[in-house]
$ cat my_file32.cif   # mmCIF, N, CA and C atoms
data_input
loop_
_atom_site.label_atom_id
_atom_site.label_comp_id
_atom_site.auth_asym_id
_atom_site.auth_seq_id
_atom_site.Cartn_x
_atom_site.Cartn_y
_atom_site.Cartn_z
N MET A 1 -119.03 -157.11 43.89
CA MET A 1 -119.41 -158.27 43.12
C MET A 1 -119.45 -157.91 41.63
N THR A 2 -118.90 -158.78 40.81
CA THR A 2 -118.88 -158.57 39.37
C THR A 2 -120.23 -158.92 38.78
N ALA A 3 -120.72 -158.06 37.90
CA ALA A 3 -122.01 -158.30 37.26
C ALA A 3 -121.86 -159.24 36.08
N PRO A 4 -122.85 -160.10 35.86
CA PRO A 4 -122.81 -160.93 34.66
C PRO A 4 -123.01 -160.08 33.41
N ALA A 5 -122.71 -160.65 32.27
CA ALA A 5 -122.85 -159.94 31.00
C ALA A 5 -123.34 -160.91 29.94
N PHE A 6 -124.08 -160.36 28.99
CA PHE A 6 -124.51 -161.13 27.83
C PHE A 6 -123.61 -160.79 26.65
N GLU A 7 -123.29 -161.80 25.87
CA GLU A 7 -122.62 -161.62 24.59
C GLU A 7 -123.69 -161.83 23.53
N LEU A 8 -123.80 -160.87 22.62
CA LEU A 8 -124.80 -160.92 21.56
C LEU A 8 -124.07 -160.94 20.22
N ALA A 9 -124.15 -162.06 19.53
CA ALA A 9 -123.50 -162.20 18.23
C ALA A 9 -124.58 -162.32 17.17
N HIS A 10 -124.65 -161.33 16.28
CA HIS A 10 -125.67 -161.27 15.23
C HIS A 10 -124.99 -161.68 13.92
N PHE A 11 -125.59 -162.65 13.22
CA PHE A 11 -124.96 -163.14 12.00
C PHE A 11 -125.98 -163.76 11.06
N SER A 12 -125.54 -164.03 9.85
CA SER A 12 -126.34 -164.80 8.89
C SER A 12 -125.62 -166.13 8.66
N VAL A 13 -126.39 -167.12 8.25
CA VAL A 13 -125.87 -168.47 8.03
C VAL A 13 -125.78 -168.73 6.53
N ARG A 14 -124.74 -169.43 6.13
CA ARG A 14 -124.57 -169.80 4.72
C ARG A 14 -125.78 -170.62 4.26
N ASP A 15 -126.15 -170.41 3.01
CA ASP A 15 -127.28 -171.15 2.44
C ASP A 15 -127.09 -172.65 2.60
N GLY A 16 -128.14 -173.31 3.06
CA GLY A 16 -128.14 -174.76 3.20
C GLY A 16 -127.39 -175.30 4.40
N GLU A 17 -126.91 -174.43 5.31
CA GLU A 17 -126.10 -174.90 6.42
C GLU A 17 -126.74 -174.73 7.79
N GLU A 18 -128.02 -174.35 7.82
CA GLU A 18 -128.69 -174.15 9.11
C GLU A 18 -128.74 -175.43 9.93
N ALA A 19 -129.08 -176.56 9.30
CA ALA A 19 -129.18 -177.83 10.03
C ALA A 19 -127.83 -178.20 10.65
N ASP A 20 -126.74 -178.01 9.90
CA ASP A 20 -125.40 -178.31 10.43
C ASP A 20 -125.04 -177.36 11.56
N LEU A 21 -125.40 -176.10 11.43
CA LEU A 21 -125.13 -175.12 12.49
C LEU A 21 -125.77 -175.58 13.79
N ILE A 22 -127.01 -176.02 13.71
CA ILE A 22 -127.72 -176.46 14.91
C ILE A 22 -127.17 -177.79 15.42
N ALA A 23 -126.92 -178.73 14.52
CA ALA A 23 -126.45 -180.06 14.91
C ALA A 23 -125.07 -180.01 15.57
N GLU A 24 -124.21 -179.11 15.12
CA GLU A 24 -122.84 -179.04 15.64
C GLU A 24 -122.71 -178.13 16.86
N ARG A 25 -123.77 -177.43 17.20
CA ARG A 25 -123.72 -176.49 18.32
C ARG A 25 -123.39 -177.15 19.66
N PRO A 26 -124.03 -178.28 20.02
CA PRO A 26 -123.71 -178.87 21.33
C PRO A 26 -122.22 -179.19 21.51
N GLU A 27 -121.58 -179.71 20.47
CA GLU A 27 -120.15 -180.00 20.56
C GLU A 27 -119.34 -178.72 20.74
N MET A 28 -119.71 -177.68 19.99
CA MET A 28 -119.00 -176.40 20.12
C MET A 28 -119.18 -175.84 21.53
N LEU A 29 -120.41 -175.92 22.07
CA LEU A 29 -120.65 -175.39 23.41
C LEU A 29 -119.92 -176.18 24.49
N ARG A 30 -119.81 -177.50 24.32
CA ARG A 30 -119.03 -178.30 25.29
C ARG A 30 -117.58 -177.82 25.31
N ALA A 31 -117.01 -177.60 24.14
CA ALA A 31 -115.63 -177.11 24.06
C ALA A 31 -115.51 -175.72 24.67
N LEU A 32 -116.49 -174.87 24.39
CA LEU A 32 -116.48 -173.51 24.94
C LEU A 32 -116.53 -173.55 26.47
N ARG A 33 -117.42 -174.36 27.02
CA ARG A 33 -117.55 -174.44 28.49
C ARG A 33 -116.29 -174.99 29.13
N HIS A 34 -115.65 -175.96 28.45
CA HIS A 34 -114.41 -176.53 28.99
C HIS A 34 -113.29 -175.48 28.98
N ALA A 35 -113.18 -174.74 27.90
CA ALA A 35 -112.10 -173.75 27.77
C ALA A 35 -112.39 -172.47 28.55
N PHE A 36 -113.67 -172.14 28.70
CA PHE A 36 -114.07 -170.89 29.34
C PHE A 36 -115.14 -171.17 30.39
N PRO A 37 -114.74 -171.54 31.60
CA PRO A 37 -115.71 -171.91 32.63
C PRO A 37 -116.62 -170.77 33.07
N ALA A 38 -116.33 -169.55 32.69
CA ALA A 38 -117.19 -168.42 33.05
C ALA A 38 -118.46 -168.34 32.20
N ALA A 39 -118.56 -169.18 31.16
CA ALA A 39 -119.79 -169.25 30.37
C ALA A 39 -120.86 -169.91 31.22
N ARG A 40 -122.00 -169.25 31.35
CA ARG A 40 -123.06 -169.74 32.25
C ARG A 40 -124.26 -170.33 31.53
N ALA A 41 -124.59 -169.85 30.35
CA ALA A 41 -125.75 -170.34 29.59
C ALA A 41 -125.64 -169.83 28.16
N ALA A 42 -126.37 -170.49 27.26
CA ALA A 42 -126.33 -170.08 25.85
C ALA A 42 -127.67 -170.34 25.19
N TRP A 43 -128.03 -169.43 24.29
CA TRP A 43 -129.25 -169.53 23.51
C TRP A 43 -128.90 -169.19 22.06
N LEU A 44 -129.44 -169.95 21.13
CA LEU A 44 -129.30 -169.63 19.72
C LEU A 44 -130.69 -169.30 19.22
N THR A 45 -130.85 -168.11 18.64
CA THR A 45 -132.16 -167.66 18.19
C THR A 45 -132.12 -167.29 16.72
N LYS A 46 -133.27 -167.47 16.08
CA LYS A 46 -133.41 -167.05 14.69
C LYS A 46 -134.42 -165.92 14.66
N GLN A 47 -134.03 -164.82 14.05
CA GLN A 47 -134.87 -163.63 14.02
C GLN A 47 -135.83 -163.65 12.84
N ASP A 48 -136.83 -162.79 12.88
CA ASP A 48 -137.86 -162.74 11.84
C ASP A 48 -137.28 -162.47 10.45
N ASP A 49 -136.16 -161.76 10.38
CA ASP A 49 -135.57 -161.44 9.08
C ASP A 49 -134.67 -162.56 8.55
N GLY A 50 -134.60 -163.68 9.28
CA GLY A 50 -133.79 -164.82 8.86
C GLY A 50 -132.37 -164.81 9.40
N SER A 51 -131.96 -163.71 10.03
CA SER A 51 -130.63 -163.66 10.64
C SER A 51 -130.70 -164.36 12.00
N TRP A 52 -129.54 -164.59 12.58
CA TRP A 52 -129.43 -165.33 13.83
C TRP A 52 -128.83 -164.45 14.90
N LEU A 53 -129.18 -164.73 16.15
CA LEU A 53 -128.59 -164.06 17.30
C LEU A 53 -128.18 -165.14 18.29
N ASP A 54 -126.88 -165.23 18.53
CA ASP A 54 -126.33 -166.17 19.50
C ASP A 54 -126.14 -165.38 20.79
N ILE A 55 -126.72 -165.86 21.86
CA ILE A 55 -126.70 -165.16 23.13
C ILE A 55 -126.01 -166.05 24.16
N ILE A 56 -124.95 -165.54 24.75
CA ILE A 56 -124.23 -166.30 25.78
C ILE A 56 -124.16 -165.45 27.03
N LEU A 57 -124.52 -166.06 28.14
CA LEU A 57 -124.43 -165.41 29.44
C LEU A 57 -123.09 -165.77 30.07
N TRP A 58 -122.35 -164.74 30.46
CA TRP A 58 -121.03 -164.90 31.08
C TRP A 58 -121.08 -164.39 32.51
N SER A 59 -120.17 -164.86 33.33
CA SER A 59 -120.13 -164.41 34.73
C SER A 59 -119.67 -162.97 34.83
N SER A 60 -118.99 -162.45 33.81
CA SER A 60 -118.57 -161.05 33.80
C SER A 60 -118.29 -160.60 32.37
N ARG A 61 -118.30 -159.30 32.16
CA ARG A 61 -117.95 -158.75 30.84
C ARG A 61 -116.50 -159.07 30.52
N GLU A 62 -115.64 -158.97 31.51
CA GLU A 62 -114.22 -159.26 31.30
C GLU A 62 -114.04 -160.69 30.77
N SER A 63 -114.73 -161.65 31.36
CA SER A 63 -114.66 -163.04 30.91
C SER A 63 -115.15 -163.18 29.48
N ALA A 64 -116.25 -162.50 29.17
CA ALA A 64 -116.82 -162.55 27.82
C ALA A 64 -115.84 -161.98 26.80
N GLU A 65 -115.25 -160.86 27.12
CA GLU A 65 -114.32 -160.22 26.19
C GLU A 65 -113.06 -161.05 26.01
N GLU A 66 -112.56 -161.67 27.07
CA GLU A 66 -111.39 -162.53 26.96
C GLU A 66 -111.69 -163.73 26.07
N ALA A 67 -112.86 -164.33 26.26
CA ALA A 67 -113.24 -165.48 25.45
C ALA A 67 -113.40 -165.09 23.98
N ALA A 68 -113.98 -163.93 23.73
CA ALA A 68 -114.16 -163.46 22.36
C ALA A 68 -112.82 -163.31 21.64
N GLN A 69 -111.79 -162.95 22.37
CA GLN A 69 -110.47 -162.77 21.77
C GLN A 69 -109.79 -164.09 21.42
N SER A 70 -110.14 -165.17 22.12
CA SER A 70 -109.42 -166.42 21.89
C SER A 70 -110.31 -167.60 21.48
N ILE A 71 -111.59 -167.39 21.26
CA ILE A 71 -112.49 -168.48 20.88
C ILE A 71 -112.05 -169.16 19.59
N GLY A 72 -111.45 -168.42 18.69
CA GLY A 72 -111.00 -168.98 17.42
C GLY A 72 -109.91 -170.01 17.55
N GLU A 73 -109.31 -170.14 18.73
CA GLU A 73 -108.29 -171.16 18.96
C GLU A 73 -108.89 -172.55 19.16
N LEU A 74 -110.20 -172.62 19.42
CA LEU A 74 -110.85 -173.92 19.64
C LEU A 74 -111.25 -174.52 18.29
N PRO A 75 -110.78 -175.72 17.98
CA PRO A 75 -111.14 -176.34 16.69
C PRO A 75 -112.65 -176.47 16.51
N GLU A 76 -113.37 -176.80 17.57
CA GLU A 76 -114.83 -176.95 17.47
C GLU A 76 -115.50 -175.63 17.13
N ALA A 77 -114.98 -174.54 17.65
CA ALA A 77 -115.53 -173.22 17.34
C ALA A 77 -115.21 -172.84 15.89
N ARG A 78 -113.98 -173.10 15.47
CA ARG A 78 -113.62 -172.79 14.07
C ARG A 78 -114.51 -173.55 13.10
N THR A 79 -114.78 -174.82 13.39
CA THR A 79 -115.66 -175.62 12.53
C THR A 79 -117.06 -175.03 12.52
N TRP A 80 -117.58 -174.67 13.68
CA TRP A 80 -118.94 -174.11 13.78
C TRP A 80 -119.02 -172.77 13.07
N PHE A 81 -118.00 -171.94 13.22
CA PHE A 81 -117.99 -170.61 12.59
C PHE A 81 -118.00 -170.70 11.06
N GLN A 82 -117.58 -171.82 10.49
CA GLN A 82 -117.58 -171.96 9.03
C GLN A 82 -119.00 -171.91 8.45
N HIS A 83 -120.02 -172.13 9.28
CA HIS A 83 -121.41 -172.06 8.83
C HIS A 83 -121.92 -170.63 8.78
N ILE A 84 -121.17 -169.71 9.33
CA ILE A 84 -121.60 -168.31 9.37
C ILE A 84 -121.22 -167.66 8.04
N GLY A 85 -122.24 -167.09 7.39
CA GLY A 85 -122.00 -166.43 6.11
C GLY A 85 -121.46 -165.03 6.30
N GLU A 86 -122.07 -164.30 7.22
CA GLU A 86 -121.65 -162.92 7.49
C GLU A 86 -121.90 -162.59 8.96
N SER A 87 -120.91 -162.00 9.59
CA SER A 87 -121.06 -161.51 10.96
C SER A 87 -121.52 -160.07 10.89
N HIS A 88 -122.66 -159.78 11.52
CA HIS A 88 -123.20 -158.43 11.49
C HIS A 88 -122.75 -157.60 12.69
N ALA A 89 -122.61 -158.23 13.85
CA ALA A 89 -122.22 -157.48 15.04
C ALA A 89 -121.90 -158.45 16.18
N LEU A 90 -121.01 -158.03 17.04
CA LEU A 90 -120.73 -158.72 18.30
C LEU A 90 -120.65 -157.65 19.37
N ARG A 91 -121.48 -157.80 20.39
CA ARG A 91 -121.41 -156.83 21.48
C ARG A 91 -121.61 -157.51 22.81
N HIS A 92 -121.19 -156.83 23.85
CA HIS A 92 -121.34 -157.30 25.22
C HIS A 92 -122.14 -156.26 25.99
N VAL A 93 -123.09 -156.75 26.77
CA VAL A 93 -123.92 -155.86 27.58
C VAL A 93 -123.92 -156.36 29.02
N ASP A 94 -123.83 -155.42 29.96
CA ASP A 94 -123.82 -155.76 31.38
C ASP A 94 -125.23 -155.94 31.91
N VAL A 95 -125.41 -156.91 32.77
CA VAL A 95 -126.69 -157.10 33.45
C VAL A 95 -126.71 -156.14 34.64
N VAL A 96 -127.71 -155.28 34.68
CA VAL A 96 -127.81 -154.32 35.79
C VAL A 96 -128.90 -154.71 36.78
N HIS A 97 -129.80 -155.61 36.37
CA HIS A 97 -130.80 -156.13 37.28
C HIS A 97 -131.16 -157.53 36.80
N GLU A 98 -131.29 -158.44 37.74
CA GLU A 98 -131.59 -159.82 37.39
C GLU A 98 -132.67 -160.34 38.32
N GLU A 99 -133.66 -160.98 37.73
CA GLU A 99 -134.68 -161.68 38.51
C GLU A 99 -135.06 -162.92 37.74
N ILE A 100 -134.91 -164.06 38.36
CA ILE A 100 -135.21 -165.32 37.70
C ILE A 100 -136.54 -165.80 38.22
N PHE A 101 -137.45 -166.08 37.30
CA PHE A 101 -138.80 -166.49 37.66
C PHE A 101 -138.89 -168.00 37.78
N GLU A 102 -139.51 -168.45 38.83
CA GLU A 102 -139.86 -169.86 38.97
C GLU A 102 -141.15 -170.07 38.19
N SER A 103 -141.44 -171.29 37.86
CA SER A 103 -142.69 -171.60 37.16
C SER A 103 -143.86 -171.19 38.04
N ASN A 104 -144.87 -170.59 37.44
CA ASN A 104 -146.04 -170.19 38.22
C ASN A 104 -147.18 -171.19 38.04
N THR A 105 -146.83 -172.39 37.57
CA THR A 105 -147.82 -173.46 37.45
C THR A 105 -147.26 -174.69 38.13
N ASP A 106 -148.12 -175.65 38.37
CA ASP A 106 -147.67 -176.91 38.96
C ASP A 106 -147.19 -177.90 37.91
N GLU A 107 -147.33 -177.52 36.64
CA GLU A 107 -146.96 -178.41 35.54
C GLU A 107 -145.47 -178.34 35.28
N GLU A 108 -144.91 -179.49 34.95
CA GLU A 108 -143.52 -179.54 34.50
C GLU A 108 -143.51 -179.16 33.03
N PRO A 109 -142.53 -178.37 32.58
CA PRO A 109 -142.48 -178.02 31.16
C PRO A 109 -142.32 -179.27 30.31
N ALA A 110 -143.06 -179.31 29.21
CA ALA A 110 -142.92 -180.40 28.24
C ALA A 110 -141.71 -180.10 27.37
N SER A 111 -141.36 -181.05 26.51
CA SER A 111 -140.24 -180.78 25.61
C SER A 111 -140.63 -179.64 24.68
N GLY A 112 -139.66 -178.88 24.27
CA GLY A 112 -139.90 -177.70 23.43
C GLY A 112 -139.31 -176.49 24.11
N THR A 113 -139.77 -175.34 23.74
CA THR A 113 -139.23 -174.09 24.25
C THR A 113 -140.24 -173.45 25.16
N THR A 114 -139.80 -172.93 26.29
CA THR A 114 -140.69 -172.25 27.21
C THR A 114 -140.82 -170.80 26.79
N GLY A 115 -142.03 -170.35 26.63
CA GLY A 115 -142.28 -168.97 26.22
C GLY A 115 -142.40 -168.05 27.41
N SER A 116 -142.76 -166.79 27.17
CA SER A 116 -142.83 -165.80 28.23
C SER A 116 -143.92 -166.09 29.24
N THR A 117 -144.87 -166.95 28.89
CA THR A 117 -145.93 -167.29 29.82
C THR A 117 -145.49 -168.34 30.81
N GLY A 118 -144.32 -168.93 30.59
CA GLY A 118 -143.86 -170.00 31.45
C GLY A 118 -144.41 -171.35 31.02
N ARG A 119 -145.21 -171.38 29.98
CA ARG A 119 -145.76 -172.63 29.46
C ARG A 119 -144.94 -173.08 28.26
N SER A 120 -144.92 -174.37 28.04
CA SER A 120 -144.12 -174.92 26.96
C SER A 120 -144.80 -174.69 25.62
N MET A 121 -143.98 -174.35 24.62
CA MET A 121 -144.47 -174.19 23.26
C MET A 121 -143.70 -175.14 22.37
N ASP A 122 -144.37 -175.76 21.41
CA ASP A 122 -143.66 -176.59 20.45
C ASP A 122 -142.96 -175.68 19.47
N VAL A 123 -141.77 -176.08 19.05
CA VAL A 123 -140.98 -175.29 18.12
C VAL A 123 -141.10 -175.91 16.74
N GLU A 124 -141.52 -175.13 15.76
CA GLU A 124 -141.59 -175.61 14.39
C GLU A 124 -140.28 -175.34 13.69
N ALA A 125 -139.83 -176.29 12.91
CA ALA A 125 -138.57 -176.13 12.17
C ALA A 125 -138.79 -175.33 10.93
#
$ encode --input "my_file32.cif" --output "C-alpha cells"
Amino acid sequence: MTAPAFELAHFSVRDGEEADLIAERPEMLRALRHAFPAARAAWLTKQDDGSWLDIILWSSRESAEEAAQSIGELPEARTWFQHIGESHALRHVDVVHEEIFESNTDEEPASGTTGSTGRSMDVEA
C-alpha cells in the first residue's frame, strides 16, 4: 500500500495581497482537485513570523511530486501564485503513521477552526 504524503510550501505573500490570496484559494483548490484527483485535503496556515505554510495531503509522494511539476499549467494556480512574494521552500514528507481522532465531545463543532482540544476556536483576522 502506498503511503500518503504531505506537501509543505513555505512562502511570503506580497504586501497588501493576503485578502486576495485567501479569497482566490477555493477556486484554485477546485482546479487543483479536478486536475489532480490524488489531492486529499488542504490547509493554509499563517506562521508567527508572518510567513505562510500551505499544506496539502496527497495519496502518495509520487502524486505530490507529479503535481508539483505541472501545477503551473493551471490558470487558476498561476493567478493564485502571483500573490506569493517569495517562495522559501517546497518539500514532501511521507506519512509513516496515521491516526484520525473522532470528536471526544457530543458537541458539533461551531464555525471557525478546530484546535488540538477538538473544540472550536474563533479565528481572528
$ closest_residue --input "my_file32.cif" --among "A:Val95, A:Leu8, A:Val13, A:Ile100" --to "Gly50 in chain A" --atoms "all atoms listed in the file"
A:Val13
$ residues_around --input "my_file32.cif" --residues "range 20-31 of chain A" --least-positions-apart "5" --cutoff "7 Å" --atoms "all atoms listed in the file" --output "VMD selection string"
chain A and resid 36 76 to 77 80 83
$ atom_distance --input "my_file32.cif" --atom1 "atom N of Ala42 in chain A" --atom2 "CA of Ser60 in chain A"
13.9 Å
$ residues_near_point --input "my_file32.cif" --point "(-117.0, -163.7, 26.3)" --cutoff "10 Å" --atoms "only C-alpha atoms" --output "list in words"
Ala5, Phe6, Glu7, Leu8, Leu32, Phe36, Ala38, Ala39, Ile56, Leu57, Trp58, Ser59, Ser60, Arg61, Glu62, Ser63, Ala64, Glu65, Glu66, Ala67, Ala68, Gln69, Ser70, Ile71, Arg91 and His92 of chain A
$ select_by_dssp --input "my_file32.cif" --residues "range 18-110 of chain A" --states "alpha helix (DSSP H)" --output "PDB file with N, CA and C atoms, keeping the file's coordinate frame"
ATOM      1  N   GLU A  18    -128.020-174.350   7.820  1.00  0.00           N
ATOM      2  CA  GLU A  18    -128.690-174.150   9.110  1.00  0.00           C
ATOM      3  C   GLU A  18    -128.740-175.430   9.930  1.00  0.00           C
ATOM      4  N   ALA A  19    -129.080-176.560   9.300  1.00  0.00           N
ATOM      5  CA  ALA A  19    -129.180-177.830  10.030  1.00  0.00           C
ATOM      6  C   ALA A  19    -127.830-178.200  10.650  1.00  0.00           C
ATOM      7  N   ASP A  20    -126.740-178.010   9.900  1.00  0.00           N
ATOM      8  CA  ASP A  20    -125.400-178.310  10.430  1.00  0.00           C
ATOM      9  C   ASP A  20    -125.040-177.360  11.560  1.00  0.00           C
ATOM     10  N   LEU A  21    -125.400-176.100  11.430  1.00  0.00           N
ATOM     11  CA  LEU A  21    -125.130-175.120  12.490  1.00  0.00           C
ATOM     12  C   LEU A  21    -125.770-175.580  13.790  1.00  0.00           C
ATOM     13  N   ILE A  22    -127.010-176.020  13.710  1.00  0.00           N
ATOM     14  CA  ILE A  22    -127.720-176.460  14.910  1.00  0.00           C
ATOM     15  C   ILE A  22    -127.170-177.790  15.420  1.00  0.00           C
ATOM     16  N   ALA A  23    -126.920-178.730  14.520  1.00  0.00           N
ATOM     17  CA  ALA A  23    -126.450-180.060  14.910  1.00  0.00           C
ATOM     18  C   ALA A  23    -125.070-180.010  15.570  1.00  0.00           C
ATOM     19  N   GLU A  24    -124.210-179.110  15.120  1.00  0.00           N
ATOM     20  CA  GLU A  24    -122.840-179.040  15.640  1.00  0.00           C
ATOM     21  C   GLU A  24    -122.710-178.130  16.860  1.00  0.00           C
ATOM     22  N   ARG A  25    -123.770-177.430  17.200  1.00  0.00           N
ATOM     23  CA  ARG A  25    -123.720-176.490  18.320  1.00  0.00           C
ATOM     24  C   ARG A  25    -123.390-177.150  19.660  1.00  0.00           C
ATOM     25  N   PRO A  26    -124.030-178.280  20.020  1.00  0.00           N
ATOM     26  CA  PRO A  26    -123.710-178.870  21.330  1.00  0.00           C
ATOM     27  C   PRO A  26    -122.220-179.190  21.510  1.00  0.00           C
ATOM     28  N   GLU A  27    -121.580-179.710  20.470  1.00  0.00           N
ATOM     29  CA  GLU A  27    -120.150-180.000  20.560  1.00  0.00           C
ATOM     30  C   GLU A  27    -119.340-178.720  20.740  1.00  0.00           C
ATOM     31  N   MET A  28    -119.710-177.680  19.990  1.00  0.00           N
ATOM     32  CA  MET A  28    -119.000-176.400  20.120  1.00  0.00           C
ATOM     33  C   MET A  28    -119.180-175.840  21.530  1.00  0.00           C
ATOM     34  N   LEU A  29    -120.410-175.920  22.070  1.00  0.00           N
ATOM     35  CA  LEU A  29    -120.650-175.390  23.410  1.00  0.00           C
ATOM     36  C   LEU A  29    -119.920-176.180  24.490  1.00  0.00           C
ATOM     37  N   ARG A  30    -119.810-177.500  24.320  1.00  0.00           N
ATOM     38  CA  ARG A  30    -119.030-178.300  25.290  1.00  0.00           C
ATOM     39  C   ARG A  30    -117.580-177.820  25.310  1.00  0.00           C
ATOM     40  N   ALA A  31    -117.010-177.600  24.140  1.00  0.00           N
ATOM     41  CA  ALA A  31    -115.630-177.110  24.060  1.00  0.00           C
ATOM     42  C   ALA A  31    -115.510-175.720  24.670  1.00  0.00           C
ATOM     43  N   LEU A  32    -116.490-174.870  24.390  1.00  0.00           N
ATOM     44  CA  LEU A  32    -116.480-173.510  24.940  1.00  0.00           C
ATOM     45  C   LEU A  32    -116.530-173.550  26.470  1.00  0.00           C
ATOM     46  N   ARG A  33    -117.420-174.360  27.020  1.00  0.00           N
ATOM     47  CA  ARG A  33    -117.550-174.440  28.490  1.00  0.00           C
ATOM     48  C   ARG A  33    -116.290-174.990  29.130  1.00  0.00           C
ATOM     49  N   HIS A  34    -115.650-175.960  28.450  1.00  0.00           N
ATOM     50  CA  HIS A  34    -114.410-176.530  28.990  1.00  0.00           C
ATOM     51  C   HIS A  34    -113.290-175.480  28.980  1.00  0.00           C
ATOM     52  N   ALA A  35    -113.180-174.740  27.900  1.00  0.00           N
ATOM     53  CA  ALA A  35    -112.100-173.750  27.770  1.00  0.00           C
ATOM     54  C   ALA A  35    -112.390-172.470  28.550  1.00  0.00           C
ATOM     55  N   ARG A  61    -118.300-159.300  32.160  1.00  0.00           N
ATOM     56  CA  ARG A  61    -117.950-158.750  30.840  1.00  0.00           C
ATOM     57  C   ARG A  61    -116.500-159.070  30.520  1.00  0.00           C
ATOM     58  N   GLU A  62    -115.640-158.970  31.510  1.00  0.00           N
ATOM     59  CA  GLU A  62    -114.220-159.260  31.300  1.00  0.00           C
ATOM     60  C   GLU A  62    -114.040-160.690  30.770  1.00  0.00           C
ATOM     61  N   SER A  63    -114.730-161.650  31.360  1.00  0.00           N
ATOM     62  CA  SER A  63    -114.660-163.040  30.910  1.00  0.00           C
ATOM     63  C   SER A  63    -115.150-163.180  29.480  1.00  0.00           C
ATOM     64  N   ALA A  64    -116.250-162.500  29.170  1.00  0.00           N
ATOM     65  CA  ALA A  64    -116.820-162.550  27.820  1.00  0.00           C
ATOM     66  C   ALA A  64    -115.840-161.980  26.800  1.00  0.00           C
ATOM     67  N   GLU A  65    -115.250-160.860  27.120  1.00  0.00           N
ATOM     68  CA  GLU A  65    -114.320-160.220  26.190  1.00  0.00           C
ATOM     69  C   GLU A  65    -113.060-161.050  26.010  1.00  0.00           C
ATOM     70  N   GLU A  66    -112.560-161.670  27.070  1.00  0.00           N
ATOM     71  CA  GLU A  66    -111.390-162.530  26.960  1.00  0.00           C
ATOM     72  C   GLU A  66    -111.690-163.730  26.070  1.00  0.00           C
ATOM     73  N   ALA A  67    -112.860-164.330  26.260  1.00  0.00           N
ATOM     74  CA  ALA A  67    -113.240-165.480  25.450  1.00  0.00           C
ATOM     75  C   ALA A  67    -113.400-165.090  23.980  1.00  0.00           C
ATOM     76  N   ALA A  68    -113.980-163.930  23.730  1.00  0.00           N
ATOM     77  CA  ALA A  68    -114.160-163.460  22.360  1.00  0.00           C
ATOM     78  C   ALA A  68    -112.820-163.310  21.640  1.00  0.00           C
ATOM     79  N   GLN A  69    -111.790-162.950  22.370  1.00  0.00           N
ATOM     80  CA  GLN A  69    -110.470-162.770  21.770  1.00  0.00           C
ATOM     81  C   GLN A  69    -109.790-164.090  21.420  1.00  0.00           C
ATOM     82  N   SER A  70    -110.140-165.170  22.120  1.00  0.00           N
ATOM     83  CA  SER A  70    -109.420-166.420  21.890  1.00  0.00           C
ATOM     84  C   SER A  70    -110.310-167.600  21.480  1.00  0.00           C
ATOM     85  N   PRO A  75    -110.780-175.720  17.980  1.00  0.00           N
ATOM     86  CA  PRO A  75    -111.140-176.340  16.690  1.00  0.00           C
ATOM     87  C   PRO A  75    -112.650-176.470  16.510  1.00  0.00           C
ATOM     88  N   GLU A  76    -113.370-176.800  17.570  1.00  0.00           N
ATOM     89  CA  GLU A  76    -114.830-176.950  17.470  1.00  0.00           C
ATOM     90  C   GLU A  76    -115.500-175.630  17.130  1.00  0.00           C
ATOM     91  N   ALA A  77    -114.980-174.540  17.650  1.00  0.00           N
ATOM     92  CA  ALA A  77    -115.530-173.220  17.340  1.00  0.00           C
ATOM     93  C   ALA A  77    -115.210-172.840  15.890  1.00  0.00           C
ATOM     94  N   ARG A  78    -113.980-173.100  15.470  1.00  0.00           N
ATOM     95  CA  ARG A  78    -113.620-172.790  14.070  1.00  0.00           C
ATOM     96  C   ARG A  78    -114.510-173.550  13.100  1.00  0.00           C
ATOM     97  N   THR A  79    -114.780-174.820  13.390  1.00  0.00           N
ATOM     98  CA  THR A  79    -115.660-175.620  12.530  1.00  0.00           C
ATOM     99  C   THR A  79    -117.060-175.030  12.520  1.00  0.00           C
ATOM    100  N   TRP A  80    -117.580-174.670  13.680  1.00  0.00           N
ATOM    101  CA  TRP A  80    -118.940-174.110  13.780  1.00  0.00           C
ATOM    102  C   TRP A  80    -119.020-172.770  13.070  1.00  0.00           C
ATOM    103  N   PHE A  81    -118.000-171.940  13.220  1.00  0.00           N
ATOM    104  CA  PHE A  81    -117.990-170.610  12.590  1.00  0.00           C
ATOM    105  C   PHE A  81    -118.000-170.700  11.060  1.00  0.00           C
TER     106      PHE A  81
END
$ resolve_selection --input "my_file32.cif" --expression "the PyMOL selection byres ((chain A and resi 43) around 8)" --output "short mmCIF file (atom, residue, chain, number, x, y, z; two decimals) with N, CA and C atoms, keeping the file's coordinate frame"
data_model
loop_
_atom_site.label_atom_id
_atom_site.label_comp_id
_atom_site.auth_asym_id
_atom_site.auth_seq_id
_atom_site.Cartn_x
_atom_site.Cartn_y
_atom_site.Cartn_z
N ALA A 41 -124.59 -169.85 30.35
CA ALA A 41 -125.75 -170.34 29.59
C ALA A 41 -125.64 -169.83 28.16
N ALA A 42 -126.37 -170.49 27.26
CA ALA A 42 -126.33 -170.08 25.85
C ALA A 42 -127.67 -170.34 25.19
N LEU A 44 -129.44 -169.95 21.13
CA LEU A 44 -129.30 -169.63 19.72
C LEU A 44 -130.69 -169.30 19.22
N THR A 45 -130.85 -168.11 18.64
CA THR A 45 -132.16 -167.66 18.19
C THR A 45 -132.12 -167.29 16.72
N LYS A 46 -133.27 -167.47 16.08
CA LYS A 46 -133.41 -167.05 14.69
C LYS A 46 -134.42 -165.92 14.66
N LEU A 53 -129.18 -164.73 16.15
CA LEU A 53 -128.59 -164.06 17.30
C LEU A 53 -128.18 -165.14 18.29
N ASP A 54 -126.88 -165.23 18.53
CA ASP A 54 -126.33 -166.17 19.50
C ASP A 54 -126.14 -165.38 20.79
N ILE A 55 -126.72 -165.86 21.86
CA ILE A 55 -126.70 -165.16 23.13
C ILE A 55 -126.01 -166.05 24.16
N ILE A 56 -124.95 -165.54 24.75
CA ILE A 56 -124.23 -166.30 25.78
C ILE A 56 -124.16 -165.45 27.03
N LEU A 57 -124.52 -166.06 28.14
CA LEU A 57 -124.43 -165.41 29.44
C LEU A 57 -123.09 -165.77 30.07
#
$ atom_distance --input "my_file32.cif" --atom1 "CA of Ala9 in chain A" --atom2 "CA of Pro37 in chain A"
19.0 Å
$ atom_distance --input "my_file32.cif" --atom1 "CA of Ile84 in chain A" --atom2 "CA of Arg14 in chain A"
5.7 Å
$ closest_residue --input "my_file32.cif" --among "A:Ala3, A:Ser12, A:His34, A:Glu98" --to "Phe81 in chain A" --atoms "only C-alpha atoms"
A:Ser12
